[in-house]
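The file input_32.cif contains mmCIF, C-alpha atoms:
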```cif
data_my_file
loop_
_atom_site.label_atom_id
_atom_site.label_comp_id
_atom_site.auth_asym_id
_atom_site.auth_seq_id
_atom_site.Cartn_x
_atom_site.Cartn_y
_atom_site.Cartn_z
CA MET W 10 0.00 0.00 0.00
CA GLU W 11 2.74 2.42 1.06
CA LYS W 12 4.78 1.61 -2.06
CA HIS W 13 1.69 2.01 -4.23
CA PHE W 14 1.04 5.43 -2.66
CA ASP W 15 4.63 6.54 -3.32
CA LYS W 16 4.29 5.51 -6.95
CA GLU W 17 1.05 7.44 -7.31
CA MET W 18 2.67 10.50 -5.71
CA SER W 19 5.53 10.29 -8.25
CA LEU W 20 3.04 10.07 -11.11
CA LEU W 21 1.16 13.08 -9.74
CA LYS W 22 4.36 15.13 -9.61
CA GLU W 23 5.15 14.11 -13.19
CA ARG W 24 1.71 15.32 -14.34
CA ILE W 25 2.16 18.64 -12.51
CA LEU W 26 5.56 19.12 -14.18
CA TYR W 27 4.03 18.25 -17.54
CA MET W 28 1.31 20.86 -16.96
CA ALA W 29 4.00 23.38 -15.98
CA ALA W 30 5.93 22.64 -19.18
CA LEU W 31 2.81 23.34 -21.27
CA VAL W 32 2.20 26.60 -19.42
CA GLU W 33 5.80 27.66 -19.95
CA LYS W 34 5.42 26.92 -23.65
CA GLN W 35 2.29 29.09 -23.64
CA ILE W 36 4.21 32.03 -22.15
CA ASN W 37 6.97 31.53 -24.71
CA PHE W 38 4.58 31.55 -27.65
CA ALA W 39 2.65 34.54 -26.26
CA CYS W 40 5.83 36.59 -25.82
CA ARG W 41 7.10 35.59 -29.27
CA ILE W 42 3.92 37.03 -30.82
CA LEU W 43 5.05 40.37 -29.41
CA LEU W 44 8.81 40.13 -29.80
CA GLU W 45 8.91 38.51 -33.26
CA ARG W 46 5.72 40.29 -34.37
CA ASN W 47 4.39 36.87 -35.36
CA ASP W 48 0.60 36.53 -35.12
CA SER W 49 0.53 32.91 -36.31
CA LEU W 50 1.36 31.68 -32.78
CA VAL W 51 -2.03 32.69 -31.31
CA ASP W 52 -3.62 29.38 -32.28
CA GLU W 53 -0.85 27.52 -30.45
CA VAL W 54 -1.48 29.54 -27.27
CA LYS W 55 -5.22 28.84 -27.50
CA HIS W 56 -4.67 25.13 -28.16
CA LEU W 57 -2.30 24.84 -25.20
CA GLU W 58 -4.82 26.60 -22.94
CA GLU W 59 -7.38 23.88 -23.61
CA GLN W 60 -4.81 21.20 -22.75
CA VAL W 61 -3.82 23.04 -19.57
CA ASN W 62 -7.46 23.35 -18.47
CA ARG W 63 -8.07 19.63 -19.01
CA LEU W 64 -4.92 18.81 -17.04
CA GLN W 65 -6.12 20.85 -14.07
CA LEU W 66 -9.34 18.82 -13.90
CA GLU W 67 -7.43 15.56 -14.23
CA ILE W 68 -4.84 16.44 -11.58
CA ASP W 69 -7.50 17.70 -9.15
CA ASP W 70 -9.41 14.44 -9.52
CA THR W 71 -6.25 12.41 -8.95
CA THR W 72 -5.37 14.46 -5.87
CA VAL W 73 -8.82 14.17 -4.23
CA GLY W 74 -8.77 10.45 -5.08
CA LEU W 75 -5.37 10.00 -3.40
CA ILE W 76 -6.57 11.75 -0.23
CA ALA W 77 -9.79 9.69 -0.11
CA LEU W 78 -8.10 6.36 -0.78
CA HIS W 79 -4.86 6.64 1.21
CA GLN W 80 -5.95 9.12 3.94
CA PRO W 81 -2.46 10.59 4.24
CA VAL W 82 -1.48 12.82 7.17
CA ALA W 83 1.29 15.31 7.97
CA HIS W 84 3.72 16.04 5.11
CA ASP W 85 1.88 13.99 2.44
CA LEU W 86 -1.49 15.57 3.22
CA ARG W 87 0.02 19.07 3.19
CA PHE W 88 1.66 18.27 -0.16
CA LEU W 89 -1.63 17.09 -1.69
CA VAL W 90 -3.63 20.08 -0.42
CA ALA W 91 -0.87 22.36 -1.74
CA ALA W 92 -0.90 20.50 -5.09
CA VAL W 93 -4.53 21.54 -5.67
CA LYS W 94 -3.53 25.16 -5.09
CA VAL W 95 -0.33 24.94 -7.18
CA VAL W 96 -2.29 23.53 -10.11
CA ALA W 97 -4.83 26.37 -9.77
CA GLU W 98 -1.93 28.84 -9.90
CA LEU W 99 -0.61 27.16 -13.06
CA GLU W 100 -4.02 27.39 -14.68
CA ARG W 101 -4.08 31.14 -13.90
CA VAL W 102 -0.62 31.49 -15.48
CA GLY W 103 -2.16 29.97 -18.62
CA ASP W 104 -4.89 32.64 -18.51
CA HIS W 105 -2.25 35.36 -18.21
CA ALA W 106 -0.33 33.90 -21.17
CA PHE W 107 -3.55 33.98 -23.19
CA ASN W 108 -4.11 37.64 -22.19
CA ILE W 109 -0.53 38.44 -23.23
CA ALA W 110 -1.20 36.83 -26.63
CA ARG W 111 -4.37 38.92 -27.13
CA PHE W 112 -2.70 42.20 -26.15
CA ALA W 113 0.38 41.28 -28.23
CA LEU W 114 -1.85 40.98 -31.31
CA SER W 115 -3.14 44.47 -30.63
CA VAL W 116 0.42 45.81 -30.22
CA ILE W 117 1.90 44.26 -33.37
CA SER W 118 -0.93 45.58 -35.53
CA GLN W 119 0.53 49.02 -34.77
CA GLN W 120 3.79 50.98 -34.79
CA GLN W 121 6.60 49.74 -32.49
CA ILE W 122 7.44 51.96 -29.47
CA GLU W 123 10.48 52.21 -27.22
CA PRO W 124 9.66 50.48 -23.88
CA MET W 125 9.30 47.02 -25.50
CA ILE W 126 12.82 45.99 -24.54
CA ASP W 127 12.07 45.79 -20.82
CA ILE W 128 9.09 43.55 -21.45
CA LYS W 129 11.47 40.93 -22.87
CA ALA W 130 13.60 41.08 -19.71
CA MET W 131 10.51 41.02 -17.49
CA ALA W 132 9.22 37.92 -19.30
CA ALA W 133 12.57 36.20 -18.68
CA VAL W 134 12.31 36.95 -14.93
CA ALA W 135 8.71 35.65 -14.73
CA GLN W 136 9.58 32.45 -16.60
CA LYS W 137 12.64 31.81 -14.44
CA MET W 138 10.60 32.32 -11.26
CA LEU W 139 7.89 29.96 -12.49
CA ARG W 140 10.37 27.22 -13.43
CA GLU W 141 12.19 27.49 -10.10
CA SER W 142 8.98 27.51 -8.04
CA LEU W 143 7.82 24.28 -9.72
CA ASP W 144 11.22 22.64 -9.30
CA ALA W 145 11.13 23.64 -5.63
CA PHE W 146 7.62 22.18 -5.32
CA VAL W 147 8.28 18.74 -6.79
CA ASN W 148 11.71 18.41 -5.15
CA ASN W 149 10.68 19.73 -1.71
CA ASP W 150 13.35 22.41 -1.92
CA PRO W 151 12.61 25.36 0.42
CA VAL W 152 15.98 26.99 -0.32
CA LEU W 153 15.12 27.31 -4.01
CA ALA W 154 11.63 28.49 -3.01
CA LYS W 155 13.15 31.32 -0.98
CA THR W 156 15.19 32.37 -4.04
CA VAL W 157 11.90 32.78 -5.91
CA LEU W 158 10.48 35.00 -3.15
CA LEU W 159 13.55 37.25 -3.42
CA GLU W 160 13.26 37.49 -7.22
CA ASP W 161 9.74 38.93 -6.95
CA ASP W 162 11.27 42.32 -6.11
CA LYS W 163 12.98 42.26 -9.52
CA ALA W 164 9.64 41.65 -11.26
CA ASP W 165 8.03 44.49 -9.27
CA ALA W 166 10.87 46.85 -10.20
CA TYR W 167 10.38 46.09 -13.92
CA ARG W 168 6.62 46.59 -13.53
CA ASP W 169 7.07 50.03 -11.91
CA LYS W 170 9.70 51.09 -14.46
CA ILE W 171 7.52 50.05 -17.43
CA TYR W 172 4.45 51.70 -15.85
CA SER W 173 6.06 55.12 -15.52
CA GLU W 174 7.94 54.85 -18.85
CA ILE W 175 4.75 54.10 -20.76
CA ILE W 176 2.77 56.87 -19.02
CA THR W 177 5.48 59.42 -19.88
CA TYR W 178 5.73 58.16 -23.45
CA MET W 179 1.96 58.25 -24.05
CA LYS W 180 1.62 61.72 -22.56
CA GLU W 181 4.31 63.03 -24.91
CA ASN W 182 3.11 60.96 -27.90
CA PRO W 183 -0.70 60.74 -27.70
CA SER W 184 -0.87 58.78 -30.95
CA SER W 185 1.00 55.97 -29.13
CA VAL W 186 -1.83 55.47 -26.58
CA PRO W 187 -3.47 52.56 -28.47
CA VAL W 188 -0.16 50.65 -28.48
CA GLY W 189 1.10 51.83 -25.08
CA VAL W 190 -1.97 50.58 -23.20
CA PRO W 191 -1.79 46.95 -24.42
CA LEU W 192 1.97 46.97 -23.71
CA LEU W 193 1.15 48.08 -20.17
CA MET W 194 -1.37 45.24 -19.93
CA ILE W 195 1.28 42.75 -21.07
CA SER W 196 3.63 43.96 -18.33
CA ARG W 197 0.83 43.57 -15.75
CA ASN W 198 0.14 40.02 -16.88
CA LEU W 199 3.84 39.19 -16.64
CA GLU W 200 3.87 40.60 -13.13
CA ARG W 201 0.90 38.38 -12.24
CA ILE W 202 2.86 35.35 -13.49
CA SER W 203 5.64 36.32 -11.07
CA ASP W 204 2.98 36.55 -8.35
CA ASN W 205 1.72 33.05 -9.24
CA ALA W 206 5.30 31.76 -8.96
CA THR W 207 5.64 33.49 -5.59
CA ASN W 208 2.42 31.84 -4.38
CA ILE W 209 3.74 28.42 -5.46
CA ALA W 210 7.06 29.08 -3.67
CA GLU W 211 5.21 29.99 -0.47
CA GLU W 212 3.33 26.68 -0.60
CA VAL W 213 6.67 24.84 -0.83
CA ILE W 214 7.98 26.43 2.34
CA PHE W 215 4.69 25.64 4.07
CA ILE W 216 4.84 21.96 3.09
CA VAL W 217 8.48 21.34 3.84
CA LYS W 218 8.74 23.21 7.10
CA GLY W 219 5.28 22.24 8.25
CA LYS W 220 4.50 25.83 9.08
CA ASP W 221 2.88 28.60 7.15
CA VAL W 222 5.19 31.34 5.95
CA ARG W 223 2.70 32.91 3.62
CA HIS W 224 2.11 36.62 4.26
CA HIS W 225 5.19 36.91 6.40
CA ALA W 226 7.69 35.02 4.27
CA LEU W 227 9.92 38.01 3.81
CA ASP W 228 10.34 38.59 7.54
CA GLU W 229 12.49 35.47 7.58
CA LYS W 230 15.03 36.33 4.93
CA MET T 12 -17.76 11.89 16.06
CA GLU T 13 -20.12 12.58 13.14
CA LYS T 14 -21.92 15.31 15.09
CA HIS T 15 -18.61 16.82 16.15
CA PHE T 16 -17.51 16.89 12.47
CA ASP T 17 -20.75 18.63 11.43
CA LYS T 18 -20.22 21.26 14.10
CA GLU T 19 -16.65 21.86 12.94
CA MET T 20 -17.84 22.15 9.33
CA SER T 21 -20.38 24.81 10.41
CA LEU T 22 -17.69 26.73 12.26
CA LEU T 23 -15.43 26.54 9.20
CA LYS T 24 -18.21 27.97 6.99
CA GLU T 25 -18.75 30.78 9.49
CA ARG T 26 -15.06 31.68 9.39
CA ILE T 27 -15.08 31.69 5.57
CA LEU T 28 -18.13 33.99 5.56
CA TYR T 29 -16.44 36.23 8.11
CA MET T 30 -13.35 36.41 5.86
CA ALA T 31 -15.62 37.20 2.89
CA ALA T 32 -17.29 40.01 4.85
CA LEU T 33 -13.90 41.57 5.61
CA VAL T 34 -12.90 41.32 1.94
CA GLU T 35 -16.17 42.93 0.88
CA LYS T 36 -15.53 45.75 3.34
CA GLN T 37 -12.06 46.15 1.78
CA ILE T 38 -13.56 46.55 -1.70
CA ASN T 39 -16.07 49.06 -0.35
CA PHE T 40 -13.41 51.19 1.32
CA ALA T 41 -11.13 50.97 -1.74
CA CYS T 42 -13.91 52.11 -4.10
CA ARG T 43 -14.95 54.90 -1.72
CA ILE T 44 -11.40 56.31 -1.86
CA LEU T 45 -12.04 56.83 -5.58
CA LEU T 46 -15.73 57.74 -5.60
CA GLU T 47 -15.75 60.03 -2.55
CA ARG T 48 -12.19 61.23 -3.21
CA ASN T 49 -11.40 60.27 0.38
CA ASP T 50 -7.79 59.23 0.99
CA SER T 51 -8.26 58.59 4.71
CA LEU T 52 -9.66 55.10 4.00
CA VAL T 53 -6.33 53.68 2.79
CA ASP T 54 -5.28 52.71 6.31
CA GLU T 55 -8.55 50.78 6.75
CA VAL T 56 -7.89 48.81 3.55
CA LYS T 57 -4.34 48.01 4.67
CA HIS T 58 -5.48 47.00 8.15
CA LEU T 59 -8.19 44.73 6.72
CA GLU T 60 -5.65 43.10 4.39
CA GLU T 61 -3.58 41.98 7.37
CA GLN T 62 -6.67 40.49 9.01
CA VAL T 63 -7.64 38.73 5.77
CA ASN T 64 -4.14 37.24 5.39
CA ARG T 65 -4.18 35.92 8.95
CA LEU T 66 -7.63 34.41 8.38
CA GLN T 67 -6.41 32.53 5.30
CA LEU T 68 -3.67 30.87 7.34
CA GLU T 69 -6.10 30.01 10.16
CA ILE T 70 -8.77 28.59 7.83
CA ASP T 71 -6.20 26.56 5.85
CA ASP T 72 -4.89 25.04 9.08
CA THR T 73 -8.41 24.20 10.23
CA THR T 74 -9.24 22.60 6.88
CA VAL T 75 -6.11 20.43 6.73
CA GLY T 76 -6.76 19.49 10.38
CA LEU T 77 -10.34 18.44 9.59
CA ILE T 78 -9.19 16.24 6.69
CA ALA T 79 -6.44 14.61 8.78
CA LEU T 80 -8.65 13.99 11.82
CA HIS T 81 -11.97 12.98 10.24
CA GLN T 82 -10.75 11.53 6.92
CA PRO T 83 -13.91 12.59 5.10
CA VAL T 84 -14.78 11.23 1.65
CA ALA T 85 -17.12 12.17 -1.23
CA HIS T 86 -19.01 15.44 -0.75
CA ASP T 87 -17.32 16.49 2.51
CA LEU T 88 -13.82 15.91 1.14
CA ARG T 89 -14.65 17.79 -2.06
CA PHE T 90 -16.02 20.66 0.05
CA LEU T 91 -12.86 20.86 2.17
CA VAL T 92 -10.50 20.73 -0.81
CA ALA T 93 -12.62 23.43 -2.46
CA ALA T 94 -12.56 25.49 0.75
CA VAL T 95 -8.77 25.80 0.52
CA LYS T 96 -9.15 27.12 -3.02
CA VAL T 97 -12.06 29.44 -2.18
CA VAL T 98 -10.09 31.00 0.66
CA ALA T 99 -7.12 31.51 -1.70
CA GLU T 100 -9.49 33.30 -4.12
CA LEU T 101 -10.73 35.53 -1.27
CA GLU T 102 -7.19 36.41 -0.33
CA ARG T 103 -6.54 37.43 -3.96
CA VAL T 104 -9.67 39.60 -3.89
CA GLY T 105 -8.12 41.36 -0.90
CA ASP T 106 -4.97 41.97 -2.98
CA HIS T 107 -7.07 43.44 -5.79
CA ALA T 108 -8.88 45.71 -3.31
CA PHE T 109 -5.51 46.90 -2.06
CA ASN T 110 -4.40 47.59 -5.66
CA ILE T 111 -7.63 49.53 -6.24
CA ALA T 112 -6.89 51.62 -3.15
CA ARG T 113 -3.37 52.42 -4.38
CA PHE T 114 -4.50 53.38 -7.88
CA ALA T 115 -7.45 55.34 -6.44
CA LEU T 116 -4.99 57.48 -4.45
CA SER T 117 -3.16 58.23 -7.69
CA VAL T 118 -6.45 59.14 -9.44
CA ILE T 119 -7.83 61.45 -6.74
CA SER T 120 -4.58 63.41 -6.54
CA GLN T 121 -5.46 64.60 -10.07
CA GLN T 122 -8.29 66.11 -12.13
CA GLN T 123 -11.53 64.07 -12.43
CA ILE T 124 -12.26 62.60 -15.90
CA GLU T 125 -15.42 61.32 -17.56
CA PRO T 126 -15.33 57.47 -17.57
CA MET T 127 -15.43 57.22 -13.74
CA ILE T 128 -19.17 56.56 -13.64
CA ASP T 129 -18.89 53.10 -15.21
CA ILE T 130 -16.32 52.09 -12.64
CA LYS T 131 -18.96 52.56 -9.95
CA ALA T 132 -21.36 50.26 -11.81
CA MET T 133 -18.59 47.73 -12.47
CA ALA T 134 -17.70 47.68 -8.76
CA ALA T 135 -21.36 46.95 -7.94
CA VAL T 136 -21.36 43.97 -10.35
CA ALA T 137 -18.12 42.56 -8.92
CA GLN T 138 -19.34 42.88 -5.32
CA LYS T 139 -22.69 41.26 -6.14
CA MET T 140 -20.94 38.36 -7.87
CA LEU T 141 -18.60 37.86 -4.93
CA ARG T 142 -21.43 37.88 -2.37
CA GLU T 143 -23.52 35.44 -4.41
CA SER T 144 -20.61 33.07 -5.06
CA LEU T 145 -19.89 32.85 -1.31
CA ASP T 146 -23.57 32.35 -0.46
CA ALA T 147 -23.69 29.60 -3.09
CA PHE T 148 -20.56 28.03 -1.57
CA VAL T 149 -21.69 27.85 2.07
CA ASN T 150 -25.28 26.91 1.18
CA ASN T 151 -24.42 24.32 -1.50
CA ASP T 152 -26.50 26.21 -4.05
CA PRO T 153 -25.48 25.38 -7.65
CA VAL T 154 -28.38 27.40 -9.10
CA LEU T 155 -27.07 30.58 -7.51
CA ALA T 156 -23.55 29.60 -8.62
CA LYS T 157 -24.73 29.40 -12.24
CA THR T 158 -26.19 32.91 -11.92
CA VAL T 159 -22.71 34.14 -11.00
CA LEU T 160 -21.22 32.48 -14.10
CA LEU T 161 -23.74 34.29 -16.27
CA GLU T 162 -23.02 37.66 -14.63
CA ASP T 163 -19.35 37.45 -15.62
CA ASP T 164 -20.32 38.54 -19.15
CA LYS T 165 -21.62 41.78 -17.65
CA ALA T 166 -18.28 42.41 -15.92
CA ASP T 167 -16.40 41.68 -19.16
CA ALA T 168 -18.64 44.09 -21.08
CA TYR T 169 -17.90 46.89 -18.59
CA ARG T 170 -14.18 46.08 -18.78
CA ASP T 171 -14.17 46.34 -22.61
CA LYS T 172 -16.24 49.52 -22.61
CA ILE T 173 -14.00 51.24 -20.04
CA TYR T 174 -10.87 50.05 -21.88
CA SER T 175 -11.85 51.62 -25.19
CA GLU T 176 -13.36 54.73 -23.57
CA ILE T 177 -10.18 55.47 -21.64
CA ILE T 178 -7.93 54.85 -24.67
CA THR T 179 -10.00 57.25 -26.79
CA TYR T 180 -10.08 59.84 -24.01
CA MET T 181 -6.32 59.70 -23.37
CA LYS T 182 -5.51 59.92 -27.08
CA GLU T 183 -7.62 63.06 -27.40
CA ASN T 184 -6.51 64.52 -24.04
CA PRO T 185 -2.86 63.52 -23.51
CA SER T 186 -2.69 65.43 -20.23
CA SER T 187 -5.24 62.92 -18.85
CA VAL T 188 -2.85 59.96 -19.32
CA PRO T 189 -1.57 59.98 -15.70
CA VAL T 190 -5.16 59.72 -14.40
CA GLY T 191 -6.55 57.53 -17.20
CA VAL T 192 -3.99 54.77 -16.66
CA PRO T 193 -4.70 54.20 -12.94
CA LEU T 194 -8.45 54.29 -13.71
CA LEU T 195 -7.84 51.55 -16.27
CA MET T 196 -5.92 49.59 -13.65
CA ILE T 197 -8.84 49.94 -11.23
CA SER T 198 -11.23 48.53 -13.85
CA ARG T 199 -8.84 45.60 -14.45
CA ASN T 200 -8.69 44.84 -10.73
CA LEU T 201 -12.49 44.93 -10.53
CA GLU T 202 -12.65 42.51 -13.44
CA ARG T 203 -10.26 40.20 -11.61
CA ILE T 204 -12.57 40.27 -8.59
CA SER T 205 -15.37 39.10 -10.89
CA ASP T 206 -13.03 36.35 -12.10
CA ASN T 207 -12.35 35.31 -8.49
CA ALA T 208 -16.13 35.13 -7.90
CA THR T 209 -16.50 33.03 -11.05
CA ASN T 210 -13.78 30.65 -9.83
CA ILE T 211 -15.59 30.28 -6.49
CA ALA T 212 -18.91 29.63 -8.29
CA GLU T 213 -17.30 26.91 -10.41
CA GLU T 214 -16.05 25.18 -7.26
CA VAL T 215 -19.63 25.14 -5.93
CA ILE T 216 -20.98 23.34 -8.98
CA PHE T 217 -18.08 20.89 -8.76
CA ILE T 218 -18.80 20.08 -5.09
CA VAL T 219 -22.56 19.79 -5.31
CA LYS T 220 -22.85 17.86 -8.54
CA GLY T 221 -19.76 15.79 -7.88
CA LYS T 222 -18.44 16.57 -11.32
CA ASP T 223 -16.14 19.22 -12.60
CA VAL T 224 -17.73 21.95 -14.69
CA ARG T 225 -14.75 24.23 -14.63
CA HIS T 226 -13.55 25.26 -18.10
CA HIS T 227 -16.75 24.11 -19.75
CA ALA T 228 -19.31 25.55 -17.33
CA LEU T 229 -20.77 27.80 -19.98
CA ASP T 230 -21.48 24.94 -22.39
CA GLU T 231 -24.16 23.83 -19.95
CA LYS T 232 -26.14 27.03 -19.68
#
```

Can you dump the structure from the file as structure tokens?
Amino acid sequence: MEKHFDKEMSLLKERILYMAALVEKQINFACRILLERNDSLVDEVKHLEEQVNRLQLEIDDTTVGLIALHQPVAHDLRFLVAAVKVVAELERVGDHAFNIARFALSVISQQQIEPMIDIKAMAAVAQKMLRESLDAFVNNDPVLAKTVLLEDDKADAYRDKIYSEIITYMKENPSSVPVGVPLLMISRNLERISDNATNIAEEVIFIVKGKDVRHHALDEK
Amino acid sequence: MEKHFDKEMSLLKERILYMAALVEKQINFACRILLERNDSLVDEVKHLEEQVNRLQLEIDDTTVGLIALHQPVAHDLRFLVAAVKVVAELERVGDHAFNIARFALSVISQQQIEPMIDIKAMAAVAQKMLRESLDAFVNNDPVLAKTVLLEDDKADAYRDKIYSEIITYMKENPSSVPVGVPLLMISRNLERISDNATNIAEEVIFIVKGKDVRHHALDEK
């Protein structure tokens, strides 16, 4: 029974990592629409979203089934309850990627403006945070999870920089408003992906240490 | 044991409703900063956020404890797993309310512009959806939950209307950019509150019907 449970836990982790890989692909495609001005990738993002949504349902079912059948306690129970939340975060990341794709289409139908460069760097930060938070989750690695919490400041700094740059640019170049606003929306969606990664990292520390560091995680640095 | 479990489930629902009431209060205060141009309410929003964060930790602990101790199955287990997700949604609503408060401060430090009126109506829709989704959750009411899913279209329509109104306004009145952008951000945060309510409503239908309608809920209307 115990061995069977361990095997099912391994399979669950594999499915979560597979879902994370699809979501990461979604972010990549969505950002490439903007950065390569390539609108043909929208269908890929949409197709991946459907797969991601189906995976959430499947993983949730598996998780509830594991709790009902094996009645785990302590670390295993905390991991399974956290898994349901982590998967919900991943699904939201997929939504943000889809939003980025939609706003990117709006941007590339218009003239290119200056602040685009920071969006590329911000996307790299968000993707790195997401990858690390998932690695920390499946490998029970609270040290890596803490790294993710620290990186969130970087994402916030990019967000604030882009926000004020775009406001200044639009004020001085009113004709750029219809492209500046969707760029701003893309930066906000990237920031939300960093937030999702932060939420996942906080779950990791909760599971591993058996205490809840959410909402005061940064007091402990 | 069974009776004891029922009592603990009732207490859990009460705590979730209490958390929801605090979050609703947060949204109210945040919107009043904007609509009454009253910056003194920011401290209230911040103070409520701390309470809401503490409540999430407390409710999560209680929920994991109930699963470990009573090893519920079927409907009760689905309710408890959903409770963890519902409480996470509520905590996010609190974050959105805090964002609204911050952007409202930025707006009221400047000249009033036209599209504000729709933000008031949009806030009313988001608050109604949130209240109904929570009522549906604690009362196991899938009919009310479906109403919430239908109302999300209304929130999306407001979001799109405000988006294009503000873009047009800023393009024609470049000096309004620094107030138009935070107004846009407020409308986006209100839309996200509607999304949180929708997520809660989808959990209700999942618990009550014992099947997962998320991601294809609207096919069933």

Item to check | At most 6 Å to chain T: residues in chain W, only C-alpha atoms, as a PyMOL selection string | outcome: chain W and resi 77+82+180+183+186

Checklist outcome for this item: With distances taken over all atoms listed in the file, the candidate from T:Leu59, T:Ala108, T:Val118, T:Val98 nearest Gln138 in chain T is T:Ala108

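Reported to one decimal place, the separation of CA of Cys40 in chain W from CA of Ile109 in chain W is 7.1 Å.
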
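Between CA of Asn150 in chain T and CA of Lys165 in chain T lies a distance of 24.3 Å.
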
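Taking CA of Val215 in chain T and CA of Glu162 in chain T as endpoints, the distance between them is 15.6 Å.
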
Picked residues, the PyMOL selection byres ((chain T and resi 26) around 12), as an mmCIF file with C-alpha atoms, in the frame of the given file:
```cif
data_model
loop_
_atom_site.group_PDB
_atom_site.id
_atom_site.type_symbol
_atom_site.label_atom_id
_atom_site.label_comp_id
_atom_site.auth_asym_id
_atom_site.auth_seq_id
_atom_site.Cartn_x
_atom_site.Cartn_y
_atom_site.Cartn_z
ATOM 1 C CA GLU T 19 -16.650 21.860 12.940
ATOM 2 C CA MET T 20 -17.840 22.150 9.330
ATOM 3 C CA SER T 21 -20.380 24.810 10.410
ATOM 4 C CA LEU T 22 -17.690 26.730 12.260
ATOM 5 C CA LEU T 23 -15.430 26.540 9.200
ATOM 6 C CA LYS T 24 -18.210 27.970 6.990
ATOM 7 C CA GLU T 25 -18.750 30.780 9.490
ATOM 8 C CA ILE T 27 -15.080 31.690 5.570
ATOM 9 C CA LEU T 28 -18.130 33.990 5.560
ATOM 10 C CA TYR T 29 -16.440 36.230 8.110
ATOM 11 C CA MET T 30 -13.350 36.410 5.860
ATOM 12 C CA ALA T 31 -15.620 37.200 2.890
ATOM 13 C CA ALA T 32 -17.290 40.010 4.850
ATOM 14 C CA LEU T 33 -13.900 41.570 5.610
ATOM 15 C CA VAL T 63 -7.640 38.730 5.770
ATOM 16 C CA ARG T 65 -4.180 35.920 8.950
ATOM 17 C CA LEU T 66 -7.630 34.410 8.380
ATOM 18 C CA GLN T 67 -6.410 32.530 5.300
ATOM 19 C CA LEU T 68 -3.670 30.870 7.340
ATOM 20 C CA GLU T 69 -6.100 30.010 10.160
ATOM 21 C CA ILE T 70 -8.770 28.590 7.830
ATOM 22 C CA ASP T 71 -6.200 26.560 5.850
ATOM 23 C CA THR T 73 -8.410 24.200 10.230
ATOM 24 C CA THR T 74 -9.240 22.600 6.880
ATOM 25 C CA ALA T 94 -12.560 25.490 0.750
ATOM 26 C CA VAL T 98 -10.090 31.000 0.660
ATOM 27 C CA LEU T 145 -19.890 32.850 -1.310
ATOM 28 C CA VAL T 149 -21.690 27.850 2.070
#
```

Item to check | Contacts of range 166-171 of chain W at 12 Å (all atoms listed in the file; same-chain gap of 5+ positions) as a PyMOL selection string | outcome: chain W and resi 123-135+160-161+176-179+189-190+192-204

Item to check | Selection near Val51 in chain W, 10 Å with all atoms listed in the file, sequence-local residues under 6 positions removed, as a PyMOL selection string | outcome: chain W and resi 35+38-39+41-42+57+107+110-111+113-114

Requested write-out: C-alpha atoms of the selected residues, as a compact mmCIF listing (two decimals), keeping the file's coordinate frame:
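See selection-v8.txt below for the written result:
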```
# COMPACT_ATOMS: atom_id res chain seq x y z
CA GLN W 35 2.29 29.09 -23.64
CA PHE W 38 4.58 31.55 -27.65
CA ALA W 39 2.65 34.54 -26.26
CA ARG W 41 7.10 35.59 -29.27
CA ILE W 42 3.92 37.03 -30.82
CA LEU W 57 -2.30 24.84 -25.20
CA PHE W 107 -3.55 33.98 -23.19
CA ALA W 110 -1.20 36.83 -26.63
CA ARG W 111 -4.37 38.92 -27.13
CA ALA W 113 0.38 41.28 -28.23
CA LEU W 114 -1.85 40.98 -31.31
```

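Restricting the calculation to only C-alpha atoms, the smallest distance between Glu213 in chain T and any of T:Leu52, T:Ala156, T:Ala147, T:Leu161 is found for T:Ala156.
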
Checklist entry - Which one of T:Leu101, T:Leu45, T:Ile124, T:Val154 sits closest to Ile211 in chain T if you count all atoms listed in the file? => result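 Among the listed residues, T:Leu101 lies closest to Ile211 in chain T.
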
Next on the checklist: For a quick check of understanding, using only C-alpha atoms, which of W:Asp85, W:Val157, W:Gly103, W:Ser115 has the smallest distance to Asp48 in chain W?
Outcome noted: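 Nearest to Asp48 in chain W: W:Ser115.
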